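Enquirer: Got a structure for you, written out below as structure tokens; questions coming shortly.
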Amino acid sequence: MNKIQKVLIIDDKADIRLSTKYLLSKHNFQVLEADSPELGLAIIHSENIDLVLLDMNFTRDTTSGEEGIDCLKKIKAINADIAVVAITAWSFVDLVVKALKNGATDFIEKPWDNQRLLQIVQQALKLEGLEKQNRLLKQQIDDFQHTPQLIAYSASMKLFKAQLDEVTDTPVTILLTGENGTGKSTIARYIHQNSLLKNNPLISVNMGAIAENLFESEMFGHTKGAFTNAYKERIGRFEMADSGTLFLDEIANIPLSQQAKLLRVLETGEFEMVGSSKTKRANVRLISATNADFNTLIANNDFRQDLYFRLNTVELHVPSLKDRKEDIPYLAQHFFNHACRKYHKPGRELSSNALDKLQQHSFPGNLRELSHIIERALLLNRDDCITADHLNLNDEAKSKISSPDQLPLMTIAQAERKLLTMALTKAQGQSHEAANLLGISKSSIYRRMEKYNIVAKHFLENK
């Protein structure tokens, strides 16, 4: 079903609110009412509002529109993606211009024609949706066009980078293996941006996040009406990546029932959209990544051996952070500089004793854990210089938790549940932090939490 969009009307005239609600409700909008800017802002804080119809003049000031402009600024400060249509009984050009400059999507005068109001609401929602998509697309393009630099001072990383640079500018299929959090997605971007395909698309897909019944639609696309809720045609990831690079993260999570379909397109480049018999072709450079042991998966009949051979023309193992400790100070400084820019905290420093402390840490969550430790230290401390004490590391306590001698004999399921609860307790209910502590992905910890009926917020409430 299509999402029911929420419209909030902020107007001190009850008859205006009532007639607007009656009109828009007949066209499948959910309408909320507020008779003052204060009540309207409170509703915006508590509800997911898509569009606001904002009167510019209230009882305190019925001509200038300053109350409306002030409320408009506050709405945009709360959520810049909310469409706002300014309404007034006064046709002052200056007020119209001021409202539009402060983020209003459109403007309408009272009294209005109902069809005109309906048209403006629909157009404003459509325009705001397109602008949001454009902002997200620009952000993704900026992120992907930036060529990541691989920090390689350690012997293991120097060897890895040398092997990587030998194959980046070739069309060869690459399989990246290694622990969670080692930066495999960053390496995939590095490969693409240093290849002959750098000016073509790079499409990234987390295979662990795709439901089995949506696999074909996500990868190959679907036609309008192909199944329930297929309201329009959708292009699949292979078609999106045509003439470019397709990165399949967590490749080992593809259900066995779907692996033959992926194998076929890798062998022939051919596929059909769901609901269509027309064969399409896509020419992509494939990079995939996993932390799984393929030998075990193949032995257990959980992964096709012929698909594995298609994926690993070149197989490169990404070193974990414990195997490249010489890189830790440089990586920490890189993450620190990035976080200072991201959170607008210029002039902050990372002390030498903090860098020394980081080099002594075990980092089961690898680069992901390191970046989170740095961000947390930066955000939770006001000192200009971040020291070892600000990092809040306790390797000794962690080593006691992870020591086999401290664990009684139990089943694998019992041990898994115990580790989940310990990690969530340590992370105060933050699932992504718990995943870092366990060295697994966010999708993996969510699956395990669902499996054992564990709710993250309970660990936060018990603090």
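We name chains A, B, ... following the order of the structure tokens; residues begin at 1 in each chain, and ligands are numbered from 1 as shown.
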For the contact check between region 91-185 of chain A and region 285-293 of chain A, emit one row per residue of region 91-185 of chain A within 6 Å, containing the shortest atom pair and the distance in Å rounded to one decimal, counting only C-alpha atoms, chain then rising number order, as JSON lines.
Expert:
{"residue": "A:Pro171", "atom": "CA", "partner": "A:Arg285", "partner_atom": "CA", "distance": 5.8}
{"residue": "A:Thr173", "atom": "CA", "partner": "A:Leu286", "partner_atom": "CA", "distance": 5.1}
{"residue": "A:Ile174", "atom": "CA", "partner": "A:Ile287", "partner_atom": "CA", "distance": 4.9}
{"residue": "A:Leu175", "atom": "CA", "partner": "A:Ser288", "partner_atom": "CA", "distance": 4.9}
{"residue": "A:Leu176", "atom": "CA", "partner": "A:Ala289", "partner_atom": "CA", "distance": 4.5}
{"residue": "A:Thr177", "atom": "CA", "partner": "A:Thr290", "partner_atom": "CA", "distance": 5.2}
{"residue": "A:Gly178", "atom": "CA", "partner": "A:Asn291", "partner_atom": "CA", "distance": 4.9}
{"residue": "A:Glu179", "atom": "CA", "partner": "A:Asn291", "partner_atom": "CA", "distance": 5.0}
Enquirer: Output N, CA, C and O atoms for every residue in the selection just made, as a PDB file, in the first residue's frame.
Expert:
ATOM      1  N   PRO A 171      39.544  -5.667 -15.627  1.00  0.00           N
ATOM      2  CA  PRO A 171      38.120  -5.982 -15.394  1.00  0.00           C
ATOM      3  C   PRO A 171      37.914  -7.258 -14.584  1.00  0.00           C
ATOM      4  O   PRO A 171      36.788  -7.753 -14.489  1.00  0.00           O
ATOM      5  N   THR A 173      37.212 -10.144 -11.871  1.00  0.00           N
ATOM      6  CA  THR A 173      36.313 -10.279 -10.724  1.00  0.00           C
ATOM      7  C   THR A 173      37.139 -10.492  -9.464  1.00  0.00           C
ATOM      8  O   THR A 173      38.062 -11.309  -9.435  1.00  0.00           O
ATOM      9  N   ILE A 174      36.798  -9.757  -8.405  1.00  0.00           N
ATOM     10  CA  ILE A 174      37.582  -9.795  -7.164  1.00  0.00           C
ATOM     11  C   ILE A 174      36.693 -10.191  -5.994  1.00  0.00           C
ATOM     12  O   ILE A 174      35.584  -9.668  -5.840  1.00  0.00           O
ATOM     13  N   LEU A 175      37.189 -11.090  -5.171  1.00  0.00           N
ATOM     14  CA  LEU A 175      36.535 -11.469  -3.919  1.00  0.00           C
ATOM     15  C   LEU A 175      37.407 -10.987  -2.764  1.00  0.00           C
ATOM     16  O   LEU A 175      38.569 -11.380  -2.652  1.00  0.00           O
ATOM     17  N   LEU A 176      36.842 -10.130  -1.908  1.00  0.00           N
ATOM     18  CA  LEU A 176      37.534  -9.630  -0.728  1.00  0.00           C
ATOM     19  C   LEU A 176      37.066 -10.421   0.491  1.00  0.00           C
ATOM     20  O   LEU A 176      35.863 -10.486   0.760  1.00  0.00           O
ATOM     21  N   THR A 177      37.991 -11.032   1.202  1.00  0.00           N
ATOM     22  CA  THR A 177      37.645 -11.775   2.412  1.00  0.00           C
ATOM     23  C   THR A 177      38.309 -11.108   3.610  1.00  0.00           C
ATOM     24  O   THR A 177      39.236 -10.321   3.469  1.00  0.00           O
ATOM     25  N   GLY A 178      37.823 -11.456   4.789  1.00  0.00           N
ATOM     26  CA  GLY A 178      38.391 -10.875   6.002  1.00  0.00           C
ATOM     27  C   GLY A 178      37.324 -10.634   7.041  1.00  0.00           C
ATOM     28  O   GLY A 178      36.124 -10.735   6.774  1.00  0.00           O
ATOM     29  N   GLU A 179      37.757 -10.287   8.240  1.00  0.00           N
ATOM     30  CA  GLU A 179      36.845 -10.083   9.358  1.00  0.00           C
ATOM     31  C   GLU A 179      35.938  -8.889   9.106  1.00  0.00           C
ATOM     32  O   GLU A 179      36.230  -8.022   8.279  1.00  0.00           O
TER      33      GLU A 179
END
Enquirer: Between A:Ser156, A:Ala83, A:Phe238, A:Leu256, which residue has the minimum interatomic distance to Gly269 (chain A), considering only C-alpha atoms?
Expert: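 Answer, going by the shortest atom-to-atom distance: A:Phe238.
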Enquirer: Near Ile445 (chain A), within 10 Å and counting only C-alpha atoms, which residues show up once chain neighbours fewer than 3 positions away are dropped, as number ranges by chain?
Expert: A: 420, 431-432, 434-436, 438-442, 448-451
Enquirer: Can you tell me, as a compact mmCIF listing (two decimals) with N, CA and C atoms, in the first residue's frame, which residues in region 152-397 of chain A count as helix (DSSP H, G or I) by DSSP?
Expert:
# COMPACT_ATOMS: atom_id res chain seq x y z
N ALA A 155 53.64 -4.13 7.31
CA ALA A 155 54.08 -5.07 6.27
C ALA A 155 52.90 -5.79 5.63
N SER A 156 51.91 -6.18 6.46
CA SER A 156 50.77 -6.93 5.93
C SER A 156 49.94 -6.06 4.99
N MET A 157 49.77 -4.78 5.35
CA MET A 157 48.96 -3.90 4.51
C MET A 157 49.71 -3.47 3.26
N LYS A 158 51.02 -3.33 3.37
CA LYS A 158 51.82 -3.00 2.17
C LYS A 158 51.70 -4.12 1.14
N LEU A 159 51.78 -5.37 1.61
CA LEU A 159 51.65 -6.51 0.71
C LEU A 159 50.26 -6.55 0.09
N PHE A 160 49.24 -6.33 0.92
CA PHE A 160 47.86 -6.34 0.40
C PHE A 160 47.68 -5.26 -0.65
N LYS A 161 48.15 -4.05 -0.38
CA LYS A 161 47.97 -2.94 -1.32
C LYS A 161 48.73 -3.21 -2.63
N ALA A 162 49.89 -3.81 -2.53
CA ALA A 162 50.65 -4.13 -3.75
C ALA A 162 49.88 -5.11 -4.62
N GLN A 163 49.28 -6.13 -3.98
CA GLN A 163 48.48 -7.10 -4.73
C GLN A 163 47.24 -6.43 -5.33
N LEU A 164 46.64 -5.55 -4.56
CA LEU A 164 45.43 -4.86 -5.00
C LEU A 164 45.72 -3.98 -6.21
N ASP A 165 46.81 -3.23 -6.14
CA ASP A 165 47.14 -2.31 -7.23
C ASP A 165 47.46 -3.03 -8.54
N GLU A 166 47.80 -4.30 -8.44
CA GLU A 166 48.07 -5.08 -9.65
C GLU A 166 46.81 -5.35 -10.46
N VAL A 167 45.64 -5.33 -9.79
CA VAL A 167 44.40 -5.75 -10.46
C VAL A 167 43.34 -4.67 -10.54
N LYS A 184 36.21 -3.45 3.91
CA LYS A 184 36.08 -4.06 2.57
C LYS A 184 35.28 -3.16 1.61
N SER A 185 34.28 -2.46 2.12
CA SER A 185 33.51 -1.56 1.24
C SER A 185 34.36 -0.37 0.80
N THR A 186 35.22 0.12 1.68
CA THR A 186 36.14 1.20 1.31
C THR A 186 37.12 0.72 0.24
N ILE A 187 37.59 -0.50 0.38
CA ILE A 187 38.52 -1.07 -0.60
C ILE A 187 37.83 -1.24 -1.95
N ALA A 188 36.55 -1.61 -1.94
CA ALA A 188 35.80 -1.73 -3.20
C ALA A 188 35.73 -0.38 -3.90
N ARG A 189 35.52 0.70 -3.15
CA ARG A 189 35.50 2.04 -3.74
C ARG A 189 36.88 2.40 -4.27
N TYR A 190 37.93 2.01 -3.54
CA TYR A 190 39.30 2.27 -3.98
C TYR A 190 39.57 1.59 -5.32
N ILE A 191 39.12 0.35 -5.43
CA ILE A 191 39.31 -0.40 -6.69
C ILE A 191 38.60 0.32 -7.83
N HIS A 192 37.34 0.69 -7.60
CA HIS A 192 36.56 1.34 -8.66
C HIS A 192 37.18 2.67 -9.08
N GLN A 193 37.55 3.50 -8.10
CA GLN A 193 38.05 4.83 -8.42
C GLN A 193 39.44 4.81 -9.05
N MET A 207 24.06 -7.78 0.53
CA MET A 207 23.28 -8.98 0.26
C MET A 207 22.62 -9.54 1.52
N GLY A 208 23.19 -9.23 2.67
CA GLY A 208 22.59 -9.72 3.92
C GLY A 208 21.32 -9.01 4.30
N ALA A 209 21.04 -7.88 3.65
CA ALA A 209 19.85 -7.09 3.99
C ALA A 209 18.69 -7.32 3.03
N GLU A 212 14.72 -12.89 1.00
CA GLU A 212 14.80 -13.91 -0.04
C GLU A 212 13.74 -13.71 -1.12
N ASN A 213 12.54 -13.32 -0.72
CA ASN A 213 11.46 -13.17 -1.71
C ASN A 213 11.61 -11.90 -2.56
N LEU A 214 12.53 -11.02 -2.20
CA LEU A 214 12.76 -9.80 -2.97
C LEU A 214 14.08 -9.83 -3.74
N PHE A 215 14.79 -10.95 -3.69
CA PHE A 215 16.12 -11.02 -4.30
C PHE A 215 16.08 -10.69 -5.79
N GLU A 216 15.20 -11.35 -6.54
CA GLU A 216 15.15 -11.14 -7.99
C GLU A 216 14.75 -9.70 -8.31
N SER A 217 13.80 -9.15 -7.58
CA SER A 217 13.37 -7.79 -7.83
C SER A 217 14.51 -6.80 -7.58
N GLU A 218 15.26 -7.00 -6.48
CA GLU A 218 16.36 -6.11 -6.15
C GLU A 218 17.48 -6.20 -7.18
N MET A 219 17.81 -7.41 -7.59
CA MET A 219 18.97 -7.60 -8.45
C MET A 219 18.65 -7.39 -9.93
N PHE A 220 17.47 -7.80 -10.35
CA PHE A 220 17.14 -7.77 -11.78
C PHE A 220 16.02 -6.79 -12.14
N ARG A 237 19.70 -3.87 -9.73
CA ARG A 237 21.07 -3.42 -9.48
C ARG A 237 22.00 -3.74 -10.64
N PHE A 238 21.81 -4.86 -11.32
CA PHE A 238 22.68 -5.20 -12.45
C PHE A 238 22.52 -4.17 -13.56
N GLU A 239 21.28 -3.79 -13.85
CA GLU A 239 21.05 -2.80 -14.91
C GLU A 239 21.60 -1.44 -14.50
N MET A 240 21.46 -1.08 -13.22
CA MET A 240 21.99 0.18 -12.73
C MET A 240 23.50 0.25 -12.87
N ILE A 251 28.39 -11.40 0.53
CA ILE A 251 27.97 -12.27 -0.57
C ILE A 251 27.56 -13.66 -0.10
N ALA A 252 28.14 -14.12 1.00
CA ALA A 252 27.85 -15.48 1.48
C ALA A 252 26.44 -15.61 2.03
N ASN A 253 25.75 -14.48 2.23
CA ASN A 253 24.40 -14.51 2.79
C ASN A 253 23.31 -14.73 1.74
N LEU A 256 20.55 -20.15 -0.76
CA LEU A 256 20.91 -21.18 -1.72
C LEU A 256 19.94 -21.21 -2.90
N SER A 257 18.66 -20.93 -2.63
CA SER A 257 17.64 -20.98 -3.68
C SER A 257 17.84 -19.90 -4.74
N GLN A 258 18.60 -18.85 -4.42
CA GLN A 258 18.80 -17.75 -5.35
C GLN A 258 20.17 -17.78 -6.03
N GLN A 259 21.04 -18.67 -5.57
CA GLN A 259 22.41 -18.65 -6.06
C GLN A 259 22.52 -19.02 -7.54
N ALA A 260 21.68 -19.92 -8.01
CA ALA A 260 21.72 -20.30 -9.43
C ALA A 260 21.36 -19.11 -10.32
N LYS A 261 20.44 -18.25 -9.85
CA LYS A 261 20.04 -17.09 -10.64
C LYS A 261 21.18 -16.09 -10.75
N LEU A 262 21.93 -15.93 -9.67
CA LEU A 262 23.08 -15.05 -9.71
C LEU A 262 24.18 -15.64 -10.60
N LEU A 263 24.38 -16.94 -10.50
CA LEU A 263 25.40 -17.61 -11.32
C LEU A 263 25.12 -17.41 -12.80
N ARG A 264 23.87 -17.51 -13.19
CA ARG A 264 23.53 -17.38 -14.60
C ARG A 264 23.92 -16.00 -15.16
N VAL A 265 23.60 -14.94 -14.42
CA VAL A 265 23.91 -13.60 -14.93
C VAL A 265 25.41 -13.35 -14.91
N LEU A 266 26.14 -13.97 -13.99
CA LEU A 266 27.59 -13.81 -13.98
C LEU A 266 28.23 -14.55 -15.15
N GLU A 267 27.64 -15.66 -15.55
CA GLU A 267 28.18 -16.46 -16.66
C GLU A 267 27.85 -15.84 -18.02
N THR A 268 26.63 -15.32 -18.16
CA THR A 268 26.15 -14.88 -19.48
C THR A 268 25.93 -13.38 -19.59
N PHE A 294 34.24 -20.00 3.07
CA PHE A 294 33.56 -20.66 1.95
C PHE A 294 33.77 -22.17 1.95
N ASN A 295 34.91 -22.63 2.41
CA ASN A 295 35.15 -24.08 2.45
C ASN A 295 34.11 -24.78 3.31
N THR A 296 33.80 -24.17 4.47
CA THR A 296 32.78 -24.73 5.36
C THR A 296 31.40 -24.64 4.73
N LEU A 297 31.08 -23.50 4.13
CA LEU A 297 29.77 -23.32 3.50
C LEU A 297 29.56 -24.32 2.37
N ILE A 298 30.58 -24.52 1.56
CA ILE A 298 30.46 -25.46 0.44
C ILE A 298 30.34 -26.89 0.96
N ALA A 299 31.12 -27.24 1.98
CA ALA A 299 31.06 -28.59 2.55
C ALA A 299 29.69 -28.88 3.15
N GLN A 305 29.60 -24.41 -5.20
CA GLN A 305 31.02 -24.32 -5.51
C GLN A 305 31.25 -23.61 -6.85
N ASP A 306 30.37 -23.85 -7.83
CA ASP A 306 30.56 -23.20 -9.13
C ASP A 306 30.37 -21.69 -9.03
N LEU A 307 29.48 -21.22 -8.14
CA LEU A 307 29.32 -19.78 -7.94
C LEU A 307 30.56 -19.20 -7.25
N TYR A 308 31.09 -19.94 -6.29
CA TYR A 308 32.31 -19.50 -5.60
C TYR A 308 33.45 -19.31 -6.59
N PHE A 309 33.61 -20.23 -7.53
CA PHE A 309 34.68 -20.12 -8.52
C PHE A 309 34.46 -18.93 -9.45
N ARG A 310 33.19 -18.56 -9.67
CA ARG A 310 32.89 -17.39 -10.48
C ARG A 310 33.26 -16.09 -9.75
N LEU A 311 33.18 -16.13 -8.44
CA LEU A 311 33.41 -14.94 -7.64
C LEU A 311 34.88 -14.67 -7.36
N LEU A 321 42.87 -5.53 12.00
CA LEU A 321 43.64 -4.47 12.65
C LEU A 321 44.71 -5.02 13.58
N LYS A 322 44.48 -6.18 14.15
CA LYS A 322 45.50 -6.76 15.03
C LYS A 322 46.74 -7.19 14.25
N ASP A 323 46.60 -7.36 12.94
CA ASP A 323 47.73 -7.73 12.09
C ASP A 323 48.40 -6.53 11.43
N LYS A 325 49.12 -3.32 13.37
CA LYS A 325 49.14 -2.35 14.47
C LYS A 325 49.95 -1.10 14.15
N GLU A 326 50.94 -1.23 13.25
CA GLU A 326 51.73 -0.05 12.88
C GLU A 326 50.86 1.01 12.20
N ASP A 327 49.72 0.59 11.63
CA ASP A 327 48.84 1.54 10.94
C ASP A 327 47.90 2.27 11.88
N ILE A 328 47.75 1.78 13.10
CA ILE A 328 46.73 2.31 14.00
C ILE A 328 46.88 3.81 14.27
N PRO A 329 48.08 4.34 14.57
CA PRO A 329 48.16 5.80 14.81
C PRO A 329 47.72 6.62 13.61
N TYR A 330 48.09 6.18 12.40
CA TYR A 330 47.72 6.92 11.20
C TYR A 330 46.22 6.82 10.92
N LEU A 331 45.66 5.62 11.15
CA LEU A 331 44.23 5.44 10.97
C LEU A 331 43.44 6.26 12.00
N ALA A 332 43.92 6.24 13.24
CA ALA A 332 43.24 7.00 14.30
C ALA A 332 43.24 8.49 13.98
N GLN A 333 44.35 9.01 13.51
CA GLN A 333 44.43 10.43 13.16
C GLN A 333 43.51 10.74 11.98
N HIS A 334 43.44 9.82 11.02
CA HIS A 334 42.55 9.99 9.87
C HIS A 334 41.09 10.06 10.32
N PHE A 335 40.67 9.12 11.17
CA PHE A 335 39.29 9.12 11.67
C PHE A 335 39.01 10.36 12.52
N PHE A 336 40.03 10.77 13.29
CA PHE A 336 39.86 11.94 14.16
C PHE A 336 39.67 13.21 13.33
N ASN A 337 40.48 13.38 12.30
CA ASN A 337 40.34 14.56 11.43
C ASN A 337 38.99 14.58 10.74
N HIS A 338 38.54 13.40 10.29
CA HIS A 338 37.24 13.30 9.62
C HIS A 338 36.11 13.66 10.59
N ALA A 339 36.20 13.15 11.82
CA ALA A 339 35.16 13.43 12.82
C ALA A 339 35.14 14.90 13.20
N CYS A 340 36.30 15.54 13.29
CA CYS A 340 36.35 16.98 13.61
C CYS A 340 35.64 17.79 12.54
N ARG A 341 35.83 17.40 11.26
CA ARG A 341 35.14 18.10 10.18
C ARG A 341 33.64 17.81 10.21
N LYS A 342 33.30 16.55 10.42
CA LYS A 342 31.90 16.13 10.40
C LYS A 342 31.08 16.82 11.49
N SER A 352 49.51 11.95 22.03
CA SER A 352 50.39 10.81 21.75
C SER A 352 50.08 9.64 22.68
N ASN A 353 49.71 9.94 23.94
CA ASN A 353 49.39 8.82 24.85
C ASN A 353 48.09 8.13 24.46
N ALA A 354 47.18 8.88 23.80
CA ALA A 354 45.96 8.26 23.28
C ALA A 354 46.31 7.32 22.14
N LEU A 355 47.21 7.74 21.27
CA LEU A 355 47.64 6.89 20.15
C LEU A 355 48.34 5.64 20.67
N ASP A 356 49.16 5.80 21.71
CA ASP A 356 49.85 4.64 22.30
C ASP A 356 48.83 3.66 22.89
N LYS A 357 47.81 4.20 23.56
CA LYS A 357 46.77 3.36 24.16
C LYS A 357 46.00 2.59 23.10
N LEU A 358 45.73 3.25 21.99
CA LEU A 358 45.00 2.60 20.89
C LEU A 358 45.81 1.45 20.30
N GLN A 359 47.12 1.62 20.21
CA GLN A 359 47.96 0.55 19.66
C GLN A 359 47.97 -0.69 20.54
N GLN A 360 47.66 -0.52 21.82
CA GLN A 360 47.64 -1.66 22.75
C GLN A 360 46.29 -2.37 22.78
N ASN A 366 37.71 -4.15 14.61
CA ASN A 366 38.58 -3.63 13.56
C ASN A 366 38.37 -2.13 13.31
N LEU A 367 38.43 -1.70 12.04
CA LEU A 367 38.37 -0.27 11.73
C LEU A 367 37.07 0.36 12.19
N ARG A 368 35.99 -0.37 12.10
CA ARG A 368 34.69 0.17 12.51
C ARG A 368 34.72 0.51 14.00
N GLU A 369 35.30 -0.37 14.79
CA GLU A 369 35.40 -0.11 16.23
C GLU A 369 36.31 1.09 16.49
N LEU A 370 37.43 1.16 15.80
CA LEU A 370 38.36 2.27 15.99
C LEU A 370 37.69 3.60 15.68
N SER A 371 36.97 3.68 14.57
CA SER A 371 36.32 4.94 14.21
C SER A 371 35.26 5.33 15.23
N HIS A 372 34.53 4.36 15.77
CA HIS A 372 33.50 4.67 16.76
C HIS A 372 34.11 5.13 18.08
N ILE A 373 35.24 4.52 18.48
CA ILE A 373 35.93 4.94 19.70
C ILE A 373 36.38 6.39 19.56
N ILE A 374 36.93 6.74 18.40
CA ILE A 374 37.40 8.10 18.16
C ILE A 374 36.24 9.08 18.19
N GLU A 375 35.15 8.77 17.50
CA GLU A 375 33.99 9.67 17.47
C GLU A 375 33.41 9.86 18.86
N ARG A 376 33.30 8.76 19.61
CA ARG A 376 32.72 8.85 20.95
C ARG A 376 33.57 9.74 21.85
N ALA A 377 34.90 9.57 21.78
CA ALA A 377 35.80 10.37 22.61
C ALA A 377 35.71 11.85 22.25
N LEU A 378 35.58 12.13 20.97
CA LEU A 378 35.50 13.52 20.51
C LEU A 378 34.20 14.18 20.97
N LEU A 379 33.09 13.44 20.88
CA LEU A 379 31.78 14.01 21.16
C LEU A 379 31.49 14.14 22.65
N LEU A 380 32.03 13.23 23.45
CA LEU A 380 31.68 13.20 24.87
C LEU A 380 32.64 14.00 25.75
N ALA A 388 44.40 9.49 26.55
CA ALA A 388 44.10 8.06 26.71
C ALA A 388 42.89 7.84 27.61
N ASP A 389 42.76 8.68 28.65
CA ASP A 389 41.64 8.52 29.58
C ASP A 389 40.30 8.79 28.89
N HIS A 390 40.30 9.69 27.90
CA HIS A 390 39.06 10.01 27.19
C HIS A 390 38.57 8.86 26.32
N LEU A 391 39.45 7.94 25.99
CA LEU A 391 39.08 6.85 25.08
C LEU A 391 38.18 5.81 25.74
N ASP A 395 40.92 -2.89 28.15
CA ASP A 395 41.27 -4.16 27.52
C ASP A 395 41.31 -5.31 28.51
N GLU A 396 41.74 -4.99 29.75
CA GLU A 396 41.86 -6.07 30.75
C GLU A 396 40.51 -6.68 31.05
N ALA A 397 39.50 -5.81 31.22
CA ALA A 397 38.14 -6.32 31.50
C ALA A 397 37.62 -7.11 30.33
Enquirer: Kindly give the distance, in Å, that separates CA of Val284 (chain A) and CA of Leu196 (chain A), rounded to a single decimal.
Expert: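 Spanning CA of Val284 (chain A) to CA of Leu196 (chain A) is a straight-line distance of 12.3 Å.
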Enquirer: If you run DSSP on the backbone, which residues of region 163-265 of chain A are strand (DSSP E), as an MDAnalysis selection string?
Expert: chainID A and resid 174:177 202:206 221:222 234:235 245:249
